[in-house]
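Raw contents of upload.cif, mmCIF, N, CA and C atoms and all ligand atoms:
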data_entry
loop_
_atom_site.label_atom_id
_atom_site.label_comp_id
_atom_site.auth_asym_id
_atom_site.auth_seq_id
_atom_site.Cartn_x
_atom_site.Cartn_y
_atom_site.Cartn_z
N MET L 763 4.72 -15.70 -45.44
CA MET L 763 5.34 -15.48 -44.13
C MET L 763 5.03 -14.07 -43.61
N ILE L 764 5.14 -13.09 -44.48
CA ILE L 764 4.90 -11.71 -44.04
C ILE L 764 3.40 -11.43 -44.01
N ASP L 765 2.95 -10.94 -42.88
CA ASP L 765 1.55 -10.62 -42.72
C ASP L 765 1.16 -9.47 -43.67
N ARG L 766 0.04 -9.67 -44.36
CA ARG L 766 -0.34 -8.68 -45.39
C ARG L 766 -0.69 -7.32 -44.78
N LYS L 767 -1.36 -7.36 -43.64
CA LYS L 767 -1.71 -6.07 -43.00
C LYS L 767 -0.46 -5.32 -42.58
N PHE L 768 0.52 -6.08 -42.08
CA PHE L 768 1.79 -5.46 -41.69
C PHE L 768 2.46 -4.83 -42.91
N LEU L 769 2.47 -5.58 -44.01
CA LEU L 769 3.08 -5.08 -45.23
C LEU L 769 2.38 -3.81 -45.70
N ALA L 770 1.06 -3.83 -45.66
CA ALA L 770 0.28 -2.66 -46.08
C ALA L 770 0.60 -1.46 -45.20
N ALA L 771 0.76 -1.72 -43.90
CA ALA L 771 1.08 -0.64 -42.97
C ALA L 771 2.45 -0.05 -43.26
N VAL L 772 3.39 -0.92 -43.59
CA VAL L 772 4.75 -0.45 -43.90
C VAL L 772 4.73 0.39 -45.17
N ILE L 773 4.01 -0.09 -46.18
CA ILE L 773 3.92 0.66 -47.45
C ILE L 773 3.24 2.00 -47.21
N PHE L 774 2.15 1.98 -46.42
CA PHE L 774 1.44 3.21 -46.14
C PHE L 774 2.35 4.21 -45.44
N ALA L 775 3.11 3.72 -44.46
CA ALA L 775 4.02 4.59 -43.71
C ALA L 775 5.09 5.17 -44.62
N ALA L 776 5.60 4.34 -45.53
CA ALA L 776 6.65 4.79 -46.44
C ALA L 776 6.11 5.87 -47.38
N LEU L 777 4.86 5.71 -47.81
CA LEU L 777 4.26 6.67 -48.72
C LEU L 777 3.86 7.95 -47.99
N ALA L 778 3.37 7.80 -46.76
CA ALA L 778 2.81 8.93 -46.04
C ALA L 778 3.91 9.82 -45.46
N TRP L 779 5.07 9.26 -45.17
CA TRP L 779 6.10 10.00 -44.44
C TRP L 779 6.50 11.31 -45.13
N PRO L 780 6.88 11.27 -46.42
CA PRO L 780 7.31 12.54 -47.03
C PRO L 780 6.16 13.30 -47.69
N ALA L 781 4.94 12.89 -47.43
CA ALA L 781 3.79 13.49 -48.10
C ALA L 781 3.67 14.97 -47.76
N ILE L 782 2.98 15.70 -48.63
CA ILE L 782 2.81 17.12 -48.40
C ILE L 782 1.46 17.43 -47.76
N ALA L 783 0.88 16.40 -47.11
CA ALA L 783 -0.37 16.60 -46.39
C ALA L 783 -0.15 17.56 -45.22
N ASP L 784 -1.22 18.22 -44.77
CA ASP L 784 -1.11 19.21 -43.71
C ASP L 784 -0.52 18.63 -42.44
N SER L 785 -0.92 17.40 -42.09
CA SER L 785 -0.45 16.82 -40.84
C SER L 785 1.06 16.63 -40.87
N SER L 786 1.58 16.17 -42.00
CA SER L 786 3.03 15.96 -42.06
C SER L 786 3.76 17.28 -42.14
N ARG L 787 3.12 18.29 -42.72
CA ARG L 787 3.75 19.60 -42.76
C ARG L 787 3.88 20.15 -41.34
N ASN L 788 2.83 19.96 -40.53
CA ASN L 788 2.92 20.38 -39.14
C ASN L 788 4.01 19.61 -38.41
N GLU L 789 4.15 18.32 -38.74
CA GLU L 789 5.21 17.53 -38.12
C GLU L 789 6.58 18.07 -38.49
N GLU L 790 6.70 18.45 -39.76
CA GLU L 790 7.98 19.00 -40.22
C GLU L 790 8.27 20.31 -39.50
N ILE L 791 7.24 21.14 -39.35
CA ILE L 791 7.40 22.39 -38.62
C ILE L 791 7.83 22.10 -37.19
N ALA L 792 7.17 21.11 -36.58
CA ALA L 792 7.49 20.75 -35.19
C ALA L 792 8.93 20.28 -35.06
N GLU L 793 9.39 19.50 -36.04
CA GLU L 793 10.77 19.03 -36.01
C GLU L 793 11.76 20.18 -36.13
N ARG L 794 11.48 21.06 -37.08
CA ARG L 794 12.38 22.20 -37.27
C ARG L 794 12.35 23.11 -36.05
N PHE L 795 11.15 23.25 -35.47
CA PHE L 795 11.02 24.07 -34.26
C PHE L 795 11.89 23.50 -33.14
N ALA L 796 11.81 22.16 -32.95
CA ALA L 796 12.57 21.51 -31.88
C ALA L 796 14.07 21.70 -32.09
N GLU L 797 14.49 21.65 -33.36
CA GLU L 797 15.92 21.85 -33.65
C GLU L 797 16.33 23.30 -33.39
N ALA L 798 15.44 24.23 -33.75
CA ALA L 798 15.78 25.64 -33.60
C ALA L 798 15.75 26.08 -32.14
N ASP L 799 14.90 25.42 -31.34
CA ASP L 799 14.74 25.79 -29.92
C ASP L 799 15.91 25.22 -29.12
N THR L 800 17.04 25.92 -29.20
CA THR L 800 18.28 25.34 -28.66
C THR L 800 18.29 25.21 -27.15
N ASN L 801 17.52 26.03 -26.44
CA ASN L 801 17.49 25.87 -24.98
C ASN L 801 16.26 25.07 -24.52
N HIS L 802 15.49 24.55 -25.48
CA HIS L 802 14.38 23.63 -25.21
C HIS L 802 13.38 24.16 -24.20
N ASP L 803 13.03 25.43 -24.32
CA ASP L 803 12.01 25.97 -23.42
C ASP L 803 10.65 26.07 -24.11
N GLY L 804 10.56 25.55 -25.33
CA GLY L 804 9.28 25.55 -26.03
C GLY L 804 8.96 26.87 -26.71
N GLN L 805 9.90 27.81 -26.67
CA GLN L 805 9.71 29.13 -27.27
C GLN L 805 10.93 29.46 -28.11
N LEU L 806 10.71 30.12 -29.24
CA LEU L 806 11.83 30.60 -30.03
C LEU L 806 12.00 32.09 -29.78
N THR L 807 13.21 32.46 -29.37
CA THR L 807 13.54 33.88 -29.35
C THR L 807 13.90 34.29 -30.77
N LEU L 808 14.02 35.59 -31.00
CA LEU L 808 14.38 36.05 -32.34
C LEU L 808 15.74 35.47 -32.74
N ALA L 809 16.67 35.40 -31.79
CA ALA L 809 18.01 34.85 -32.09
C ALA L 809 17.92 33.38 -32.48
N GLU L 810 17.11 32.61 -31.75
CA GLU L 810 16.95 31.19 -32.08
C GLU L 810 16.30 31.03 -33.45
N ALA L 811 15.31 31.87 -33.73
CA ALA L 811 14.64 31.80 -35.03
C ALA L 811 15.60 32.14 -36.16
N LYS L 812 16.43 33.17 -35.94
CA LYS L 812 17.39 33.55 -36.98
C LYS L 812 18.34 32.41 -37.29
N ALA L 813 18.75 31.68 -36.26
CA ALA L 813 19.71 30.59 -36.45
C ALA L 813 19.06 29.36 -37.06
N GLY L 814 17.80 29.07 -36.65
CA GLY L 814 17.22 27.79 -37.04
C GLY L 814 16.06 27.87 -38.00
N MET L 815 15.27 28.95 -37.95
CA MET L 815 14.11 29.07 -38.83
C MET L 815 14.06 30.50 -39.38
N PRO L 816 14.90 30.77 -40.39
CA PRO L 816 15.01 32.14 -40.90
C PRO L 816 13.69 32.71 -41.42
N ARG L 817 12.83 31.85 -41.95
CA ARG L 817 11.54 32.37 -42.44
C ARG L 817 10.66 32.81 -41.29
N VAL L 818 10.79 32.15 -40.15
CA VAL L 818 10.07 32.59 -38.95
C VAL L 818 10.66 33.92 -38.47
N ALA L 819 11.99 34.01 -38.49
CA ALA L 819 12.65 35.24 -38.05
C ALA L 819 12.21 36.43 -38.90
N ALA L 820 12.06 36.19 -40.21
CA ALA L 820 11.69 37.26 -41.13
C ALA L 820 10.28 37.79 -40.84
N ASN L 821 9.42 36.94 -40.28
CA ASN L 821 8.04 37.35 -39.97
C ASN L 821 7.78 37.30 -38.47
N PHE L 822 8.83 37.51 -37.70
CA PHE L 822 8.77 37.23 -36.27
C PHE L 822 7.63 37.98 -35.57
N ARG L 823 7.52 39.26 -35.84
CA ARG L 823 6.51 40.07 -35.11
C ARG L 823 5.10 39.69 -35.52
N LYS L 824 4.96 39.28 -36.78
CA LYS L 824 3.64 38.85 -37.26
C LYS L 824 3.24 37.52 -36.62
N ILE L 825 4.22 36.61 -36.51
CA ILE L 825 3.93 35.29 -35.96
C ILE L 825 3.71 35.37 -34.46
N ASP L 826 4.41 36.28 -33.78
CA ASP L 826 4.30 36.41 -32.33
C ASP L 826 2.96 37.06 -31.98
N ALA L 827 1.90 36.25 -32.05
CA ALA L 827 0.54 36.77 -31.95
C ALA L 827 0.27 37.47 -30.62
N ASP L 828 0.84 36.95 -29.53
CA ASP L 828 0.58 37.58 -28.23
C ASP L 828 1.66 38.62 -27.87
N GLN L 829 2.55 38.89 -28.82
CA GLN L 829 3.54 39.96 -28.68
C GLN L 829 4.34 39.84 -27.39
N ASN L 830 4.71 38.61 -27.01
CA ASN L 830 5.50 38.46 -25.79
C ASN L 830 6.99 38.32 -26.09
N GLY L 831 7.36 38.52 -27.35
CA GLY L 831 8.78 38.53 -27.69
C GLY L 831 9.37 37.17 -28.03
N THR L 832 8.56 36.11 -27.87
CA THR L 832 8.98 34.78 -28.29
C THR L 832 7.87 34.15 -29.11
N VAL L 833 8.27 33.17 -29.93
CA VAL L 833 7.31 32.51 -30.81
C VAL L 833 7.19 31.05 -30.38
N SER L 834 5.95 30.62 -30.13
CA SER L 834 5.71 29.23 -29.76
C SER L 834 5.36 28.43 -31.01
N LEU L 835 5.41 27.12 -30.89
CA LEU L 835 5.04 26.25 -32.01
C LEU L 835 3.60 26.51 -32.44
N ALA L 836 2.72 26.72 -31.46
CA ALA L 836 1.31 26.99 -31.76
C ALA L 836 1.16 28.27 -32.58
N GLU L 837 1.95 29.27 -32.26
CA GLU L 837 1.87 30.54 -33.00
C GLU L 837 2.32 30.35 -34.46
N ILE L 838 3.37 29.54 -34.66
CA ILE L 838 3.83 29.27 -36.02
C ILE L 838 2.78 28.48 -36.79
N GLU L 839 2.24 27.45 -36.16
CA GLU L 839 1.27 26.60 -36.84
C GLU L 839 -0.01 27.36 -37.16
N ALA L 840 -0.37 28.30 -36.30
CA ALA L 840 -1.58 29.09 -36.54
C ALA L 840 -1.46 29.86 -37.86
N LEU L 841 -0.25 30.33 -38.17
CA LEU L 841 -0.04 31.03 -39.42
C LEU L 841 0.18 30.08 -40.58
N ALA L 842 0.90 28.97 -40.30
CA ALA L 842 1.21 28.02 -41.37
C ALA L 842 -0.02 27.33 -41.88
N ASP L 843 -1.05 27.19 -41.05
CA ASP L 843 -2.27 26.49 -41.44
C ASP L 843 -3.07 27.24 -42.48
N ARG L 844 -2.87 28.56 -42.53
CA ARG L 844 -3.66 29.35 -43.48
C ARG L 844 -3.19 29.17 -44.91
CA CA L 901 14.04 28.66 -26.81
CA CA L 902 4.39 34.74 -28.49
#
Please rewrite the model in this file as structure tokens.
Amino acid sequence: MIDRKFLAAVIFAALAWPAIADSSRNEEIAERFAEADTNHDGQLTLAEAKAGMPRVAANFRKIDADQNGTVSLAEIEALADR
């Protein structure tokens, strides 16, 4: 009754979801970023980072590559990818 391809897809999704692959790590970062970005402007201020992503707050000036005082998801991922 259950389609085999569907079953394979479900198993693959179940295995891939908590994986430590780079893509899922970026997804996890994106999720945490969205939670930390309490005013949903796509940028983390130092206060938002302190509340939601303390490791980002600890390296805030390093992560803020363009030194505009806020950290974007792209700026975090640029460092996390290394
Ligand atoms: Ca924000
Ligand atoms: Ca910035």
>> At a cut-off of 5 Å and counting all atoms listed in the file, what residues surround ligand CA 901 (chain L)? Please answer as a list in words.
In response: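 I would give the residues around ligand CA 901 (chain L) as Asp799, Thr800, Asn801, His802, Asp803, Gly804, Gln805, Leu806 and Thr807 of chain L.
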Prev. selection, N, CA and C atoms, output as a PDB file, in the coordinates of the input:
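Written out: part.pdb:
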ATOM      1  N   ASP L 799      14.900  25.420 -31.340  1.00  0.00           N
ATOM      2  CA  ASP L 799      14.740  25.790 -29.920  1.00  0.00           C
ATOM      3  C   ASP L 799      15.910  25.220 -29.120  1.00  0.00           C
ATOM      4  N   THR L 800      17.040  25.920 -29.200  1.00  0.00           N
ATOM      5  CA  THR L 800      18.280  25.340 -28.660  1.00  0.00           C
ATOM      6  C   THR L 800      18.290  25.210 -27.150  1.00  0.00           C
ATOM      7  N   ASN L 801      17.520  26.030 -26.440  1.00  0.00           N
ATOM      8  CA  ASN L 801      17.490  25.870 -24.980  1.00  0.00           C
ATOM      9  C   ASN L 801      16.260  25.070 -24.520  1.00  0.00           C
ATOM     10  N   HIS L 802      15.490  24.550 -25.480  1.00  0.00           N
ATOM     11  CA  HIS L 802      14.380  23.630 -25.210  1.00  0.00           C
ATOM     12  C   HIS L 802      13.380  24.160 -24.200  1.00  0.00           C
ATOM     13  N   ASP L 803      13.030  25.430 -24.320  1.00  0.00           N
ATOM     14  CA  ASP L 803      12.010  25.970 -23.420  1.00  0.00           C
ATOM     15  C   ASP L 803      10.650  26.070 -24.110  1.00  0.00           C
ATOM     16  N   GLY L 804      10.560  25.550 -25.330  1.00  0.00           N
ATOM     17  CA  GLY L 804       9.280  25.550 -26.030  1.00  0.00           C
ATOM     18  C   GLY L 804       8.960  26.870 -26.710  1.00  0.00           C
ATOM     19  N   GLN L 805       9.900  27.810 -26.670  1.00  0.00           N
ATOM     20  CA  GLN L 805       9.710  29.130 -27.270  1.00  0.00           C
ATOM     21  C   GLN L 805      10.930  29.460 -28.110  1.00  0.00           C
ATOM     22  N   LEU L 806      10.710  30.120 -29.240  1.00  0.00           N
ATOM     23  CA  LEU L 806      11.830  30.600 -30.030  1.00  0.00           C
ATOM     24  C   LEU L 806      12.000  32.090 -29.780  1.00  0.00           C
ATOM     25  N   THR L 807      13.210  32.460 -29.370  1.00  0.00           N
ATOM     26  CA  THR L 807      13.540  33.880 -29.350  1.00  0.00           C
ATOM     27  C   THR L 807      13.900  34.290 -30.770  1.00  0.00           C
TER      28      THR L 807
END
> Among chain L, which residues carry a DSSP assignment of alpha helix (DSSP H), reported as a count of residues only?
Replying inline: 52
Could you give me, as a Markdown table, every chain L residue with an atom at most 6 Å from ligand CA 902 (chain L), plus its closest atom pair and distance in Å to one decimal, counting all atoms listed in the file, rows ordered by chain then number?
| residue | atom | partner | partner_atom | distance |
| --- | --- | --- | --- | --- |
| L:Asp826 | CA | L:CA902 | CA | 4.2 |
| L:Ala827 | N | L:CA902 | CA | 4.6 |
| L:Asp828 | N | L:CA902 | CA | 4.3 |
| L:Gln829 | N | L:CA902 | CA | 4.6 |
| L:Asn830 | N | L:CA902 | CA | 4.2 |
| L:Gly831 | N | L:CA902 | CA | 4.9 |
| L:Thr832 | C | L:CA902 | CA | 3.6 |
| L:Val833 | CA | L:CA902 | CA | 4.3 |
| L:Ser834 | N | L:CA902 | CA | 4.7 |
>> Which of chain L end up as strand (DSSP E) when DSSP is run on this backbone - answer as number ranges by chain?
In response: L: 805-806, 833-834
> Quick one, how far is atom CA of L:Glu837 from atom C of L:Lys824?
Replying inline: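 So the answer is 8.0 Å.
For the residues L:Ile838, L:Ala792, L:Val772, L:Arg766, ranking by smallest atom-to-atom distance to L:Val818 using only N, CA and C atoms places L:Ile838 first.
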> Pick from L:Leu835, L:Gly814, L:Ala775, L:Asp784: nearest to L:Glu797, with only N, CA and C atoms counted?
Replying inline: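 The closest residue to L:Glu797 is L:Gly814.
Atom CA of L:Glu793 sits 28.9 Å away from atom CA of L:Lys767.
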> How many Å lie between atom CA of L:Arg794 and atom CA of L:Ala771, rounded to one decimal?
Replying inline: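 These two atoms are separated by 26.1 Å.
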Model the absent atoms of stretch 785-796 of chain L so that all heavy atoms are present, and write the result as a short mmCIF file (atom, residue, chain, number, x, y, z; two decimals), in the frame of the given file.
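Final file, out10.cif:
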data_model
loop_
_atom_site.label_atom_id
_atom_site.label_comp_id
_atom_site.auth_asym_id
_atom_site.auth_seq_id
_atom_site.Cartn_x
_atom_site.Cartn_y
_atom_site.Cartn_z
N SER L 785 -0.92 17.40 -42.09
CA SER L 785 -0.45 16.82 -40.84
C SER L 785 1.06 16.63 -40.87
O SER L 785 1.75 16.92 -39.89
CB SER L 785 -1.14 15.49 -40.57
OG SER L 785 -0.90 14.59 -41.63
N SER L 786 1.58 16.17 -42.00
CA SER L 786 3.03 15.96 -42.06
C SER L 786 3.76 17.28 -42.14
O SER L 786 4.89 17.41 -41.68
CB SER L 786 3.40 15.06 -43.23
OG SER L 786 3.23 15.74 -44.45
N ARG L 787 3.12 18.29 -42.72
CA ARG L 787 3.75 19.60 -42.76
C ARG L 787 3.88 20.15 -41.34
O ARG L 787 4.90 20.73 -40.98
CB ARG L 787 2.94 20.57 -43.63
CG ARG L 787 3.74 21.81 -43.97
CD ARG L 787 3.04 22.64 -44.99
NE ARG L 787 1.84 23.24 -44.45
CZ ARG L 787 1.35 24.41 -44.83
NH1 ARG L 787 1.95 25.07 -45.79
NH2 ARG L 787 0.26 24.90 -44.30
N ASN L 788 2.83 19.96 -40.53
CA ASN L 788 2.92 20.38 -39.14
C ASN L 788 4.01 19.61 -38.41
O ASN L 788 4.69 20.17 -37.55
CB ASN L 788 1.58 20.19 -38.43
CG ASN L 788 0.65 21.37 -38.68
OD1 ASN L 788 1.03 22.33 -39.34
ND2 ASN L 788 -0.55 21.29 -38.15
N GLU L 789 4.15 18.32 -38.74
CA GLU L 789 5.21 17.53 -38.12
C GLU L 789 6.58 18.07 -38.49
O GLU L 789 7.47 18.15 -37.67
CB GLU L 789 5.11 16.06 -38.56
CG GLU L 789 4.44 15.18 -37.55
CD GLU L 789 4.29 13.76 -38.07
OE1 GLU L 789 5.26 13.23 -38.63
OE2 GLU L 789 3.19 13.20 -37.93
N GLU L 790 6.70 18.45 -39.76
CA GLU L 790 7.98 19.00 -40.22
C GLU L 790 8.27 20.31 -39.50
O GLU L 790 9.39 20.56 -39.08
CB GLU L 790 7.90 19.22 -41.73
CG GLU L 790 9.26 19.45 -42.37
CD GLU L 790 9.13 19.85 -43.82
OE1 GLU L 790 8.41 19.16 -44.56
OE2 GLU L 790 9.74 20.87 -44.20
N ILE L 791 7.24 21.14 -39.35
CA ILE L 791 7.40 22.39 -38.62
C ILE L 791 7.83 22.10 -37.19
O ILE L 791 8.73 22.73 -36.65
CB ILE L 791 6.10 23.23 -38.66
CG1 ILE L 791 5.85 23.72 -40.08
CG2 ILE L 791 6.19 24.40 -37.70
CD1 ILE L 791 4.47 24.32 -40.29
N ALA L 792 7.17 21.11 -36.58
CA ALA L 792 7.49 20.75 -35.19
C ALA L 792 8.93 20.28 -35.06
O ALA L 792 9.62 20.62 -34.09
CB ALA L 792 6.53 19.67 -34.70
N GLU L 793 9.39 19.50 -36.04
CA GLU L 793 10.77 19.03 -36.01
C GLU L 793 11.76 20.18 -36.13
O GLU L 793 12.74 20.25 -35.40
CB GLU L 793 11.02 18.05 -37.17
CG GLU L 793 10.76 16.61 -36.80
CD GLU L 793 11.00 15.69 -37.98
OE1 GLU L 793 11.93 15.97 -38.77
OE2 GLU L 793 10.26 14.72 -38.12
N ARG L 794 11.48 21.06 -37.08
CA ARG L 794 12.38 22.20 -37.27
C ARG L 794 12.35 23.11 -36.05
O ARG L 794 13.37 23.67 -35.66
CB ARG L 794 12.00 22.97 -38.53
CG ARG L 794 12.33 22.19 -39.79
CD ARG L 794 12.05 22.99 -41.02
NE ARG L 794 12.79 24.24 -41.04
CZ ARG L 794 12.55 25.23 -41.90
NH1 ARG L 794 11.60 25.10 -42.79
NH2 ARG L 794 13.26 26.33 -41.88
N PHE L 795 11.15 23.25 -35.47
CA PHE L 795 11.02 24.07 -34.26
C PHE L 795 11.89 23.50 -33.14
O PHE L 795 12.62 24.22 -32.47
CB PHE L 795 9.55 24.13 -33.83
CG PHE L 795 9.30 25.04 -32.66
CD1 PHE L 795 8.92 26.36 -32.87
CD2 PHE L 795 9.43 24.59 -31.36
CE1 PHE L 795 8.68 27.21 -31.80
CE2 PHE L 795 9.20 25.43 -30.28
CZ PHE L 795 8.82 26.75 -30.51
N ALA L 796 11.81 22.16 -32.95
CA ALA L 796 12.57 21.51 -31.88
C ALA L 796 14.07 21.70 -32.09
O ALA L 796 14.81 21.88 -31.12
CB ALA L 796 12.22 20.02 -31.83
#
